[in-house]
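Engineer: Data file work_8.csv (CSV, C-alpha atoms and all ligand atoms) is appended below.
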```
chain,number,residue,atom,x,y,z
Q,1,MET,CA,-6.4,96.0,-106.9
Q,2,LYS,CA,-4.6,93.2,-105.2
Q,3,SER,CA,-7.7,92.2,-103.1
Q,4,ASN,CA,-9.7,92.1,-106.4
Q,5,ARG,CA,-7.2,89.6,-107.9
Q,6,VAL,CA,-7.3,87.5,-104.7
Q,7,LEU,CA,-11.2,87.4,-104.9
Q,8,MET,CA,-11.1,86.4,-108.6
Q,9,THR,CA,-8.6,83.7,-107.9
Q,10,ILE,CA,-10.8,82.3,-105.1
Q,11,PHE,CA,-13.9,82.5,-107.3
Q,12,ALA,CA,-12.1,80.7,-110.1
Q,13,LEU,CA,-10.9,78.0,-107.7
Q,14,LEU,CA,-14.5,77.6,-106.4
Q,15,VAL,CA,-15.8,77.2,-109.9
Q,16,ILE,CA,-13.2,74.5,-110.6
Q,17,VAL,CA,-13.9,72.7,-107.4
Q,18,SER,CA,-17.6,72.7,-107.9
Q,19,MET,CA,-17.2,71.5,-111.5
Q,20,ALA,CA,-15.1,68.6,-110.2
Q,21,LEU,CA,-17.6,67.8,-107.5
Q,22,THR,CA,-20.4,67.7,-110.0
Q,23,ALA,CA,-18.5,65.4,-112.3
Q,24,CYS,CA,-17.6,63.1,-109.4
Q,25,SER,CA,-21.1,62.9,-107.9
Q,26,GLY,CA,-22.4,62.3,-111.4
Q,27,ALA,CA,-20.1,59.3,-111.7
Q,28,ALA,CA,-21.0,58.0,-108.2
Q,29,GLN,CA,-24.7,58.6,-108.6
Q,30,SER,CA,-25.1,56.0,-111.3
Q,31,SER,CA,-23.4,54.1,-114.0
Q,32,GLY,CA,-26.6,54.6,-116.0
Q,33,LYS,CA,-27.3,50.9,-115.3
Q,34,ILE,CA,-30.5,49.5,-113.7
Q,35,LYS,CA,-29.7,48.2,-110.3
Q,36,VAL,CA,-30.8,44.7,-109.0
Q,37,GLY,CA,-30.4,43.6,-105.4
Q,38,LEU,CA,-29.5,40.2,-104.2
Q,39,SER,CA,-30.3,39.5,-100.6
Q,40,PHE,CA,-29.0,36.3,-99.0
Q,41,SER,CA,-29.9,34.8,-95.6
Q,42,ASP,CA,-26.4,33.5,-95.0
Q,43,PHE,CA,-23.3,32.1,-96.7
Q,44,ALA,CA,-22.9,29.2,-94.2
Q,45,THR,CA,-24.8,26.8,-96.5
Q,46,GLU,CA,-22.5,25.9,-99.4
Q,47,ARG,CA,-25.0,26.6,-102.1
Q,48,TRP,CA,-25.8,30.2,-101.5
Q,49,LYS,CA,-22.3,31.6,-102.2
Q,50,ASN,CA,-22.2,29.6,-105.5
Q,51,GLU,CA,-25.6,31.1,-106.4
Q,52,GLU,CA,-24.5,34.6,-105.6
Q,53,VAL,CA,-21.5,34.3,-108.0
Q,54,LEU,CA,-23.7,32.8,-110.7
Q,55,MET,CA,-26.5,35.3,-110.5
Q,56,ARG,CA,-24.2,38.3,-110.2
Q,57,LYS,CA,-22.5,37.2,-113.4
Q,58,LEU,CA,-25.7,36.6,-115.3
Q,59,LEU,CA,-27.1,39.9,-114.3
Q,60,GLU,CA,-23.9,41.8,-115.1
Q,61,ASP,CA,-23.8,40.1,-118.5
Q,62,LYS,CA,-27.2,41.5,-119.2
Q,63,GLY,CA,-26.0,45.0,-118.3
Q,64,TYR,CA,-27.4,45.3,-114.8
Q,65,GLU,CA,-25.6,46.7,-111.8
Q,66,VAL,CA,-25.7,44.3,-108.8
Q,67,ILE,CA,-25.9,45.2,-105.2
Q,68,SER,CA,-25.6,42.1,-103.0
Q,69,ALA,CA,-25.8,41.5,-99.2
Q,70,GLU,CA,-25.6,38.5,-96.8
Q,71,ALA,CA,-27.5,38.7,-93.5
Q,72,ASN,CA,-25.6,36.0,-91.5
Q,73,HIS,CA,-29.0,34.5,-90.3
Q,74,ASP,CA,-30.1,37.8,-88.8
Q,75,VAL,CA,-33.7,38.6,-89.8
Q,76,LYS,CA,-33.4,42.3,-88.7
Q,77,LEU,CA,-30.2,42.7,-90.7
Q,78,GLN,CA,-31.8,41.2,-93.8
Q,79,ASN,CA,-34.7,43.7,-93.5
Q,80,ASP,CA,-32.3,46.6,-93.0
Q,81,GLN,CA,-30.2,45.5,-96.0
Q,82,ILE,CA,-33.3,45.3,-98.2
Q,83,ASP,CA,-34.5,48.8,-97.1
Q,84,ASN,CA,-31.0,50.1,-97.8
Q,85,MET,CA,-31.0,48.6,-101.4
Q,86,VAL,CA,-34.4,50.2,-102.0
Q,87,SER,CA,-33.0,53.6,-101.0
Q,88,GLN,CA,-30.1,53.0,-103.4
Q,89,GLY,CA,-32.7,52.8,-106.2
Q,90,ILE,CA,-32.8,49.1,-107.1
Q,91,LYS,CA,-35.6,48.2,-109.6
Q,92,GLY,CA,-35.4,44.4,-109.0
Q,93,LEU,CA,-34.7,42.3,-105.9
Q,94,ILE,CA,-34.0,38.6,-105.5
Q,95,VAL,CA,-34.4,37.3,-102.0
Q,96,ILE,CA,-33.2,34.1,-100.2
Q,97,ALA,CA,-35.3,34.7,-97.1
Q,98,GLU,CA,-33.9,33.8,-93.7
Q,99,ASP,CA,-37.4,34.0,-92.3
Q,100,GLY,CA,-40.3,33.8,-94.8
Q,101,ASP,CA,-42.6,35.8,-92.3
Q,102,ALA,CA,-40.2,38.4,-90.9
Q,103,VAL,CA,-38.8,39.5,-94.3
Q,104,VAL,CA,-42.3,40.5,-95.4
Q,105,THR,CA,-41.8,43.8,-93.6
Q,106,SER,CA,-39.1,45.0,-96.0
Q,107,VAL,CA,-40.3,43.1,-99.1
Q,108,ASP,CA,-43.8,44.7,-98.9
Q,109,LYS,CA,-42.2,48.1,-98.7
Q,110,ALA,CA,-39.9,47.4,-101.7
Q,111,ALA,CA,-42.9,46.1,-103.7
Q,112,ASP,CA,-45.0,49.2,-102.8
Q,113,ALA,CA,-42.0,51.3,-104.1
Q,114,GLY,CA,-42.4,49.5,-107.4
Q,115,VAL,CA,-39.5,47.1,-107.0
Q,116,LYS,CA,-40.0,43.7,-108.7
Q,117,VAL,CA,-39.3,41.0,-106.0
Q,118,ILE,CA,-38.5,37.4,-106.7
Q,119,ALA,CA,-38.6,34.9,-103.8
Q,120,TYR,CA,-35.7,32.7,-104.7
Q,121,ASP,CA,-35.8,29.0,-103.5
Q,122,ARG,CA,-37.6,30.0,-100.3
Q,123,LEU,CA,-41.1,31.4,-100.1
Q,124,ILE,CA,-41.7,34.9,-98.8
Q,125,LYS,CA,-45.2,34.9,-97.3
Q,126,THR,CA,-46.8,37.8,-99.1
Q,127,ALA,CA,-48.8,38.1,-102.3
Q,128,LYS,CA,-46.8,41.2,-103.3
Q,129,ILE,CA,-43.9,39.2,-104.7
Q,130,ALA,CA,-43.8,39.1,-108.5
Q,131,ALA,CA,-42.7,35.4,-108.5
Q,132,TYR,CA,-41.6,32.5,-106.4
Q,133,LEU,CA,-39.0,30.3,-108.1
Q,134,SER,CA,-37.9,27.2,-106.5
Q,135,PHE,CA,-37.6,23.4,-106.8
Q,136,ASP,CA,-40.3,20.8,-106.1
Q,137,ASN,CA,-39.7,21.0,-102.3
Q,138,VAL,CA,-42.4,18.4,-101.3
Q,139,GLU,CA,-40.7,16.0,-103.7
Q,140,VAL,CA,-37.4,16.7,-102.0
Q,141,GLY,CA,-38.9,15.4,-98.8
Q,142,ARG,CA,-40.4,12.4,-100.4
Q,143,GLN,CA,-37.1,11.4,-102.0
Q,144,GLN,CA,-35.3,11.8,-98.7
Q,145,ALA,CA,-37.7,9.5,-96.9
Q,146,LEU,CA,-37.9,7.0,-99.8
Q,147,GLY,CA,-34.1,6.7,-100.0
Q,148,VAL,CA,-33.9,6.0,-96.2
Q,149,MET,CA,-36.9,3.6,-96.2
Q,150,LYS,CA,-35.4,1.7,-99.1
Q,151,ALA,CA,-32.0,1.4,-97.3
Q,152,ILE,CA,-33.6,-0.2,-94.3
Q,153,ASP,CA,-35.9,-2.3,-96.5
Q,154,ALA,CA,-38.9,-0.9,-94.6
Q,155,ASP,CA,-41.4,-2.9,-96.7
Q,156,ASN,CA,-39.9,-6.2,-95.4
Q,157,TRP,CA,-39.0,-5.0,-91.9
Q,158,ASP,CA,-39.4,-7.9,-89.5
Q,159,VAL,CA,-41.5,-6.2,-86.8
Q,160,ALA,CA,-42.1,-9.5,-84.9
Q,161,ALA,CA,-38.4,-10.0,-84.5
Q,162,ASN,CA,-37.1,-6.4,-84.1
Q,163,GLY,CA,-40.1,-4.3,-83.2
Q,164,PRO,CA,-40.8,-1.3,-85.4
Q,165,ALA,CA,-37.8,0.4,-87.1
Q,166,ARG,CA,-36.7,3.4,-84.9
Q,167,VAL,CA,-36.6,6.5,-87.1
Q,168,VAL,CA,-35.2,10.0,-86.2
Q,169,GLN,CA,-36.6,12.9,-88.2
Q,170,LEU,CA,-34.4,16.0,-88.3
Q,171,ALA,CA,-36.3,18.9,-90.0
Q,172,GLY,CA,-34.8,22.1,-91.3
Q,173,SER,CA,-34.8,25.6,-89.8
Q,174,PRO,CA,-38.2,26.4,-88.4
Q,175,THR,CA,-38.2,29.9,-90.0
Q,176,ASP,CA,-37.6,28.5,-93.5
Q,177,ASN,CA,-40.9,27.6,-95.3
Q,178,ASN,CA,-39.0,25.0,-97.3
Q,179,ALA,CA,-38.5,23.0,-94.1
Q,180,THR,CA,-42.2,22.7,-93.8
Q,181,LEU,CA,-42.5,21.4,-97.3
Q,182,PHE,CA,-39.6,18.9,-96.9
Q,183,THR,CA,-41.3,17.6,-93.8
Q,184,LYS,CA,-44.6,17.4,-95.6
Q,185,GLY,CA,-43.0,15.2,-98.3
Q,186,GLN,CA,-41.2,13.1,-95.8
Q,187,THR,CA,-44.4,12.5,-93.8
Q,188,GLU,CA,-46.3,11.5,-96.9
Q,189,VAL,CA,-43.8,8.6,-97.3
Q,190,LEU,CA,-43.4,7.8,-93.6
Q,191,GLN,CA,-47.0,7.9,-92.5
Q,192,PRO,CA,-48.1,4.6,-94.1
Q,193,TYR,CA,-45.2,2.8,-92.5
Q,194,ILE,CA,-46.1,4.4,-89.1
Q,195,ASP,CA,-49.7,3.4,-89.6
Q,196,SER,CA,-48.8,-0.2,-90.4
Q,197,GLY,CA,-46.5,-0.4,-87.4
Q,198,LYS,CA,-43.3,-0.9,-89.5
Q,199,ILE,CA,-41.6,2.2,-88.2
Q,200,GLU,CA,-41.8,4.4,-85.2
Q,201,ILE,CA,-40.6,8.1,-85.1
Q,202,VAL,CA,-38.5,8.1,-81.9
Q,203,ALA,CA,-37.5,11.8,-82.2
Q,204,LYS,CA,-38.6,14.7,-84.4
Q,205,GLN,CA,-36.8,18.0,-84.2
Q,206,GLY,CA,-36.1,21.1,-86.3
Q,207,VAL,CA,-32.5,22.3,-86.7
Q,208,GLU,CA,-32.3,26.1,-86.1
Q,209,ASN,CA,-30.5,28.0,-88.9
Q,210,TRP,CA,-29.8,24.7,-90.7
Q,211,ASP,CA,-26.6,24.7,-88.6
Q,212,ALA,CA,-24.4,21.6,-88.6
Q,213,ALA,CA,-23.2,22.2,-85.1
Q,214,ASN,CA,-26.8,22.3,-83.8
Q,215,ALA,CA,-27.5,19.1,-85.6
Q,216,LEU,CA,-24.5,17.5,-84.0
Q,217,LYS,CA,-25.7,18.5,-80.5
Q,218,LEU,CA,-29.3,17.4,-81.2
Q,219,MET,CA,-28.2,14.0,-82.4
Q,220,GLU,CA,-25.8,13.5,-79.4
Q,221,ASN,CA,-28.8,14.1,-77.1
Q,222,ILE,CA,-31.1,11.9,-79.2
Q,223,LEU,CA,-28.6,9.0,-79.1
Q,224,THR,CA,-28.2,9.4,-75.4
Q,225,ALA,CA,-31.9,9.4,-74.8
Q,226,GLN,CA,-32.4,6.4,-77.1
Q,227,ASN,CA,-29.4,4.4,-75.9
Q,228,ASN,CA,-28.0,4.5,-79.4
Q,229,ASP,CA,-31.0,2.4,-80.5
Q,230,ILE,CA,-31.9,4.0,-83.8
Q,231,ASP,CA,-32.4,2.4,-87.2
Q,232,ALA,CA,-32.6,5.3,-89.6
Q,233,VAL,CA,-32.4,9.1,-89.8
Q,234,VAL,CA,-34.4,11.3,-92.1
Q,235,ALA,CA,-32.3,14.5,-92.1
Q,236,SER,CA,-33.2,17.5,-94.3
Q,237,ASN,CA,-30.0,18.7,-95.9
Q,238,ASP,CA,-26.4,17.7,-96.3
Q,239,GLY,CA,-25.0,20.2,-93.8
Q,240,THR,CA,-27.2,19.0,-90.9
Q,241,ALA,CA,-26.9,15.3,-91.9
Q,242,LEU,CA,-23.1,15.6,-91.8
Q,243,GLY,CA,-23.4,17.2,-88.3
Q,244,ALA,CA,-25.6,14.3,-87.2
Q,245,LEU,CA,-23.2,11.9,-88.7
Q,246,GLN,CA,-20.4,13.2,-86.6
Q,247,ALA,CA,-22.4,12.3,-83.5
Q,248,MET,CA,-23.3,8.9,-85.0
Q,249,LYS,CA,-19.7,8.3,-85.9
Q,250,ALA,CA,-18.7,8.7,-82.3
Q,251,GLN,CA,-21.1,5.9,-81.4
Q,252,GLY,CA,-20.0,3.7,-84.3
Q,253,LEU,CA,-23.3,4.2,-86.1
Q,254,ALA,CA,-22.0,6.1,-89.2
Q,255,GLY,CA,-22.2,3.9,-92.3
Q,256,THR,CA,-24.6,1.4,-90.6
Q,257,VAL,CA,-27.6,3.6,-89.8
Q,258,PRO,CA,-29.0,5.1,-93.1
Q,259,ILE,CA,-29.4,8.9,-93.3
Q,260,SER,CA,-30.6,11.4,-95.9
Q,261,GLY,CA,-29.4,14.8,-96.9
Q,262,GLN,CA,-30.0,17.4,-99.6
Q,263,ASP,CA,-28.2,19.6,-102.1
Q,264,ALA,CA,-25.5,17.1,-103.3
Q,265,THR,CA,-22.9,19.3,-101.8
Q,266,ALA,CA,-19.2,18.6,-102.3
Q,267,ASP,CA,-18.9,17.2,-98.7
Q,268,GLY,CA,-22.3,15.4,-98.9
Q,269,SER,CA,-21.3,13.7,-102.2
Q,270,ASN,CA,-18.0,12.7,-100.7
Q,271,SER,CA,-19.8,11.2,-97.7
Q,272,ILE,CA,-22.0,9.2,-100.1
Q,273,VAL,CA,-19.0,7.7,-101.9
Q,274,LYS,CA,-17.6,6.9,-98.4
Q,275,GLY,CA,-20.8,5.0,-97.6
Q,276,GLU,CA,-21.9,7.3,-94.7
Q,277,LEU,CA,-24.6,9.6,-96.2
Q,278,THR,CA,-27.1,7.3,-97.8
Q,279,VAL,CA,-29.0,9.8,-100.1
Q,280,SER,CA,-28.8,13.4,-101.1
Q,281,ILE,CA,-31.1,15.4,-103.4
Q,282,LEU,CA,-29.7,17.1,-106.4
Q,283,LYS,CA,-31.3,20.5,-107.0
Q,284,ASP,CA,-29.5,21.8,-110.0
Q,285,ILE,CA,-28.8,25.5,-109.2
Q,286,ARG,CA,-27.4,25.8,-112.8
Q,287,ASN,CA,-31.1,25.8,-113.8
Q,288,LEU,CA,-32.6,27.9,-111.0
Q,289,SER,CA,-30.2,30.9,-111.2
Q,290,PRO,CA,-30.6,31.5,-114.9
Q,291,LEU,CA,-34.3,31.1,-114.6
Q,292,ALA,CA,-34.4,33.8,-111.9
Q,293,ILE,CA,-32.4,36.2,-114.0
Q,294,ASP,CA,-34.4,35.5,-117.1
Q,295,VAL,CA,-37.7,36.2,-115.2
Q,296,MET,CA,-36.2,39.3,-113.5
Q,297,ASP,CA,-35.1,40.6,-116.9
Q,298,LYS,CA,-38.5,40.1,-118.4
Q,299,LEU,CA,-40.3,41.7,-115.3
Q,300,LEU,CA,-38.0,44.7,-115.5
Q,301,LYS,CA,-38.6,45.1,-119.3
Q,302,GLY,CA,-42.3,44.7,-118.8
Q,303,GLU,CA,-42.4,41.6,-121.0
Q,304,ALA,CA,-44.7,38.6,-120.4
Q,305,VAL,CA,-43.2,35.8,-118.4
Q,306,GLU,CA,-44.2,32.4,-119.7
Q,307,GLY,CA,-44.4,29.1,-117.8
Q,308,MET,CA,-45.5,30.4,-114.4
Q,309,LYS,CA,-48.4,29.0,-112.5
Q,310,ASN,CA,-50.3,30.6,-109.7
Q,311,PHE,CA,-50.4,28.8,-106.3
Q,312,THR,CA,-52.2,30.0,-103.2
Q,313,LEU,CA,-50.2,31.0,-100.2
Q,314,ALA,CA,-52.3,28.7,-98.1
Q,315,GLU,CA,-51.1,25.7,-100.2
Q,316,LEU,CA,-47.5,26.9,-100.3
Q,317,THR,CA,-47.3,27.4,-96.6
Q,318,VAL,CA,-49.5,24.5,-95.5
Q,319,ASP,CA,-51.5,27.2,-93.6
Q,320,ASP,CA,-55.1,27.9,-94.4
Q,321,SER,CA,-55.1,31.3,-92.8
Q,322,LYS,CA,-52.7,32.7,-95.5
Q,323,GLN,CA,-54.4,34.8,-98.2
Q,324,GLY,CA,-53.6,35.4,-101.9
Q,325,GLU,CA,-51.8,33.8,-104.7
Q,326,VAL,CA,-48.3,34.0,-106.2
Q,327,PRO,CA,-46.9,33.0,-109.7
Q,328,CYS,CA,-44.5,30.1,-109.3
Q,329,VAL,CA,-42.1,27.8,-111.1
Q,330,PHE,CA,-40.8,24.6,-109.4
Q,331,LEU,CA,-37.9,22.8,-111.0
Q,332,GLN,CA,-37.4,19.0,-110.8
Q,333,VAL,CA,-35.2,17.3,-108.3
Q,334,GLN,CA,-33.3,14.0,-108.3
Q,335,GLN,CA,-32.3,11.5,-105.6
Q,336,VAL,CA,-28.5,11.0,-105.4
Q,337,ASN,CA,-27.1,7.7,-104.0
Q,338,LYS,CA,-24.0,5.6,-104.2
Q,339,GLU,CA,-25.1,4.1,-107.5
Q,340,ASN,CA,-25.8,7.3,-109.4
Q,341,VAL,CA,-23.5,9.9,-107.7
Q,342,TYR,CA,-20.8,9.5,-110.4
Q,343,ASP,CA,-23.2,10.2,-113.3
Q,344,LEU,CA,-25.5,12.8,-111.7
Q,345,VAL,CA,-23.0,14.8,-109.7
Q,346,VAL,CA,-19.5,14.2,-111.1
Q,347,VAL,CA,-20.0,13.6,-114.9
Q,348,SER,CA,-22.6,16.4,-115.0
Q,349,GLY,CA,-20.0,18.7,-113.5
Q,350,PHE,CA,-22.2,19.7,-110.6
Q,351,GLN,CA,-19.3,18.9,-108.2
Q,352,SER,CA,-15.6,18.3,-109.0
Q,353,TYR,CA,-14.2,14.7,-109.3
Q,354,ASP,CA,-11.5,15.7,-106.8
Q,355,ASP,CA,-14.0,16.9,-104.2
Q,356,VAL,CA,-16.3,14.0,-104.5
Q,357,TYR,CA,-13.5,11.3,-104.3
Q,358,ARG,CA,-11.4,13.1,-101.7
Q,359,ASP,CA,-9.7,10.6,-99.4
Q,360,ILE,CA,-10.7,7.7,-101.6
Q,361,PRO,CA,-7.7,5.6,-102.6
Q,362,GLU,CA,-6.8,5.8,-106.3
Q,363,GLY,CA,-7.6,2.1,-106.9
Q,364,ASP,CA,-11.2,2.5,-105.6
Q,365,ARG,CA,-12.0,5.5,-107.7
Q,366,PRO,CA,-13.9,5.4,-111.0
Q,367,ALA,CA,-12.2,6.8,-114.0
Q,368,LYS,CA,-12.0,10.6,-114.3
Q,369,PRO,CA,-14.7,11.7,-116.7
L,1,LIG,C1,-33.3,25.4,-97.9
L,1,LIG,C2,-32.8,25.1,-99.3
L,1,LIG,C3,-32.0,23.9,-99.2
L,1,LIG,C4,-30.9,24.0,-98.2
L,1,LIG,C5,-31.3,24.8,-96.9
L,1,LIG,C6,-30.2,25.3,-96.1
L,1,LIG,O1,-34.2,26.4,-97.9
L,1,LIG,O2,-33.9,24.8,-100.1
L,1,LIG,O3,-31.5,23.6,-100.5
L,1,LIG,O4,-29.8,24.6,-98.7
L,1,LIG,O5,-32.2,25.8,-97.2
L,1,LIG,O6,-29.7,26.5,-96.5
```
Once more with this new file: its structure as structure tokens, please.
Structural biologist:
Amino acid sequence: MKSNRVLMTIFALLVIVSMALTACSGAAQSSGKIKVGLSFSDFATERWKNEEVLMRKLLEDKGYEVISAEANHDVKLQNDQIDNMVSQGIKGLIVIAEDGDAVVTSVDKAADAGVKVIAYDRLIKTAKIAAYLSFDNVEVGRQQALGVMKAIDADNWDVAANGPARVVQLAGSPTDNNATLFTKGQTEVLQPYIDSGKIEIVAKQGVENWDAANALKLMENILTAQNNDIDAVVASNDGTALGALQAMKAQGLAGTVPISGQDATADGSNSIVKGELTVSILKDIRNLSPLAIDVMDKLLKGEAVEGMKNFTLAELTVDDSKQGEVPCVFLQVQQVNKENVYDLVVVSGFQSYDDVYRDIPEGDRPAKP
């Protein structure tokens, strides 16, 4: 009798526990929402964290569940993180690639599993992506070089008196396809000056990981090798330009030798108003992130996406051996300099007034917009 009651109690308990477990796993399994993954190369560059916050919010507002990961510049980790998101059942994936070649391993697998993949800002070198959304990256490079050439008045450079202007070219990270495109745009502008003997490229190097500390070291070495005799620097983003500027500052060259950047970051814009960084490039992420979410939403709903144009991978990579085409959108970019930084960056709300005018005495600041 007694053992019967014990058995029944145990049975009843088991039923309750198993019911509770089913309820729990049901809740953990899914919120019923479609999952979208965000995969970031790193958060060391200022813009990426801002874009994570923006895209997460836009996706959540549309009812998606967001899974996000940051790979700290580690290509293997980025592939693992993407594989992991696919096993968690994502239907869409937005990737900021650390390495446009290496990430193809996980992106192809994701695409084969039916995941819609968007290459965000940086190209992923496979025709399996559903879209590549970015800015006009060749134009970024042109504007960087144009800003610096204007600052040294290259057209009127007196070669007879000074010899050719001595230009340093700091490219971006060698694993980032954008770096290739920035260099392409820079070269388009610089080549005619090289050909006419107005300028000479005295050093040309890529900055691994877009890392400011790497740029600082590279510039220290370049200045030593050139006896500080340089006239201009075409650098490829604000972070690396500010690193290079530290080395230049130590030699009294900051503010006298023009240098370019990119991204109109808070620190870069501050350096522009201080007269050290000569130009930056505004790429308004407030347009790119919503575009990416809108395209993703349409892809996931099976709706037509308007406004995309196919480009060959050969053209996008500047490498004729690459096969296939991908649908793309490229947004416009704008050169930022001392004259327009207030309007383009501050008044537009891209960076805050306090960040841009940090350390500038009250009396030298423009009115708060
Ligand atoms: C590029 C990007 C730039 C810059 C750089 C460093 O791919 O287009 O805007 O942020 O990476 O992360």
Engineer: So which one's closest to Asp176 in chain Q, Q:Gly261, Q:Pro192, Q:Pro164, Q:Gly100? Using only C-alpha atoms, please.
Structural biologist: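 Among the listed residues, the smallest separation from Asp176 in chain Q belongs to Q:Gly100.
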Engineer: Taking only C-alpha atoms into account, name the residue in Q:Gln226, Q:Ala111, Q:Val75, Q:Ala232 that is nearest to Val148 in chain Q.
Structural biologist: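 Closest to Val148 in chain Q of all the choices is Q:Ala232.
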Engineer: Kindly provide, as a ChimeraX atom specification, all nucleotide and amino acid residues lying within 7 Å of ligand LIG 1 (chain L), counting only C-alpha atoms and all ligand atoms.
Structural biologist: /Q:45,47,121-122,176,178-179,210,237,262-263
Engineer: What does the distance from CA of Val104 in chain Q to CA of Gly32 in chain Q come to in Å, to one decimal?
Structural biologist: 29.5 Å
Engineer: Please, what distance in Å, to one decimal, runs between CA of Lys49 in chain Q and CA of Gln186 in chain Q?
Structural biologist: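 So the two atoms, CA of Lys49 in chain Q and CA of Gln186 in chain Q, lie 27.2 Å apart.
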Engineer: Which residue, Q:Lys283, Q:Arg365, Q:Arg166, Q:Lys301, has the smallest gap to Val345 in chain Q when you use only C-alpha atoms?
Structural biologist: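 Smallest distance to Val345 in chain Q is found for Q:Lys283.
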Engineer: Smallest atom-to-atom distance to Gln351 in chain Q: which of Q:Val329, Q:Ala266, Q:Met308, Q:Ile272, using all atoms listed in the file?
Structural biologist: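 Using all atoms listed in the file, the shortest distance to Gln351 in chain Q belongs to Q:Ala266.
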Engineer: Excluding same-chain residues fewer than 3 positions from Asn209 in chain Q, what lies within 10 Å of it counting only C-alpha atoms, as a short mmCIF file (atom, residue, chain, number, x, y, z; two decimals) with C-alpha atoms, keeping the file's coordinate frame?
Structural biologist:
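Saved as out.cif:
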```cif
data_model
loop_
_atom_site.label_atom_id
_atom_site.label_comp_id
_atom_site.auth_asym_id
_atom_site.auth_seq_id
_atom_site.Cartn_x
_atom_site.Cartn_y
_atom_site.Cartn_z
CA SER Q 41 -29.90 34.80 -95.60
CA ASP Q 42 -26.40 33.50 -95.00
CA ALA Q 44 -22.90 29.20 -94.20
CA THR Q 45 -24.80 26.80 -96.50
CA ASN Q 72 -25.60 36.00 -91.50
CA HIS Q 73 -29.00 34.50 -90.30
CA ASP Q 74 -30.10 37.80 -88.80
CA GLU Q 98 -33.90 33.80 -93.70
CA ASP Q 99 -37.40 34.00 -92.30
CA GLY Q 172 -34.80 22.10 -91.30
CA SER Q 173 -34.80 25.60 -89.80
CA PRO Q 174 -38.20 26.40 -88.40
CA THR Q 175 -38.20 29.90 -90.00
CA ASP Q 176 -37.60 28.50 -93.50
CA GLY Q 206 -36.10 21.10 -86.30
CA ALA Q 212 -24.40 21.60 -88.60
CA ASN Q 214 -26.80 22.30 -83.80
CA ALA Q 215 -27.50 19.10 -85.60
CA THR Q 240 -27.20 19.00 -90.90
#
```
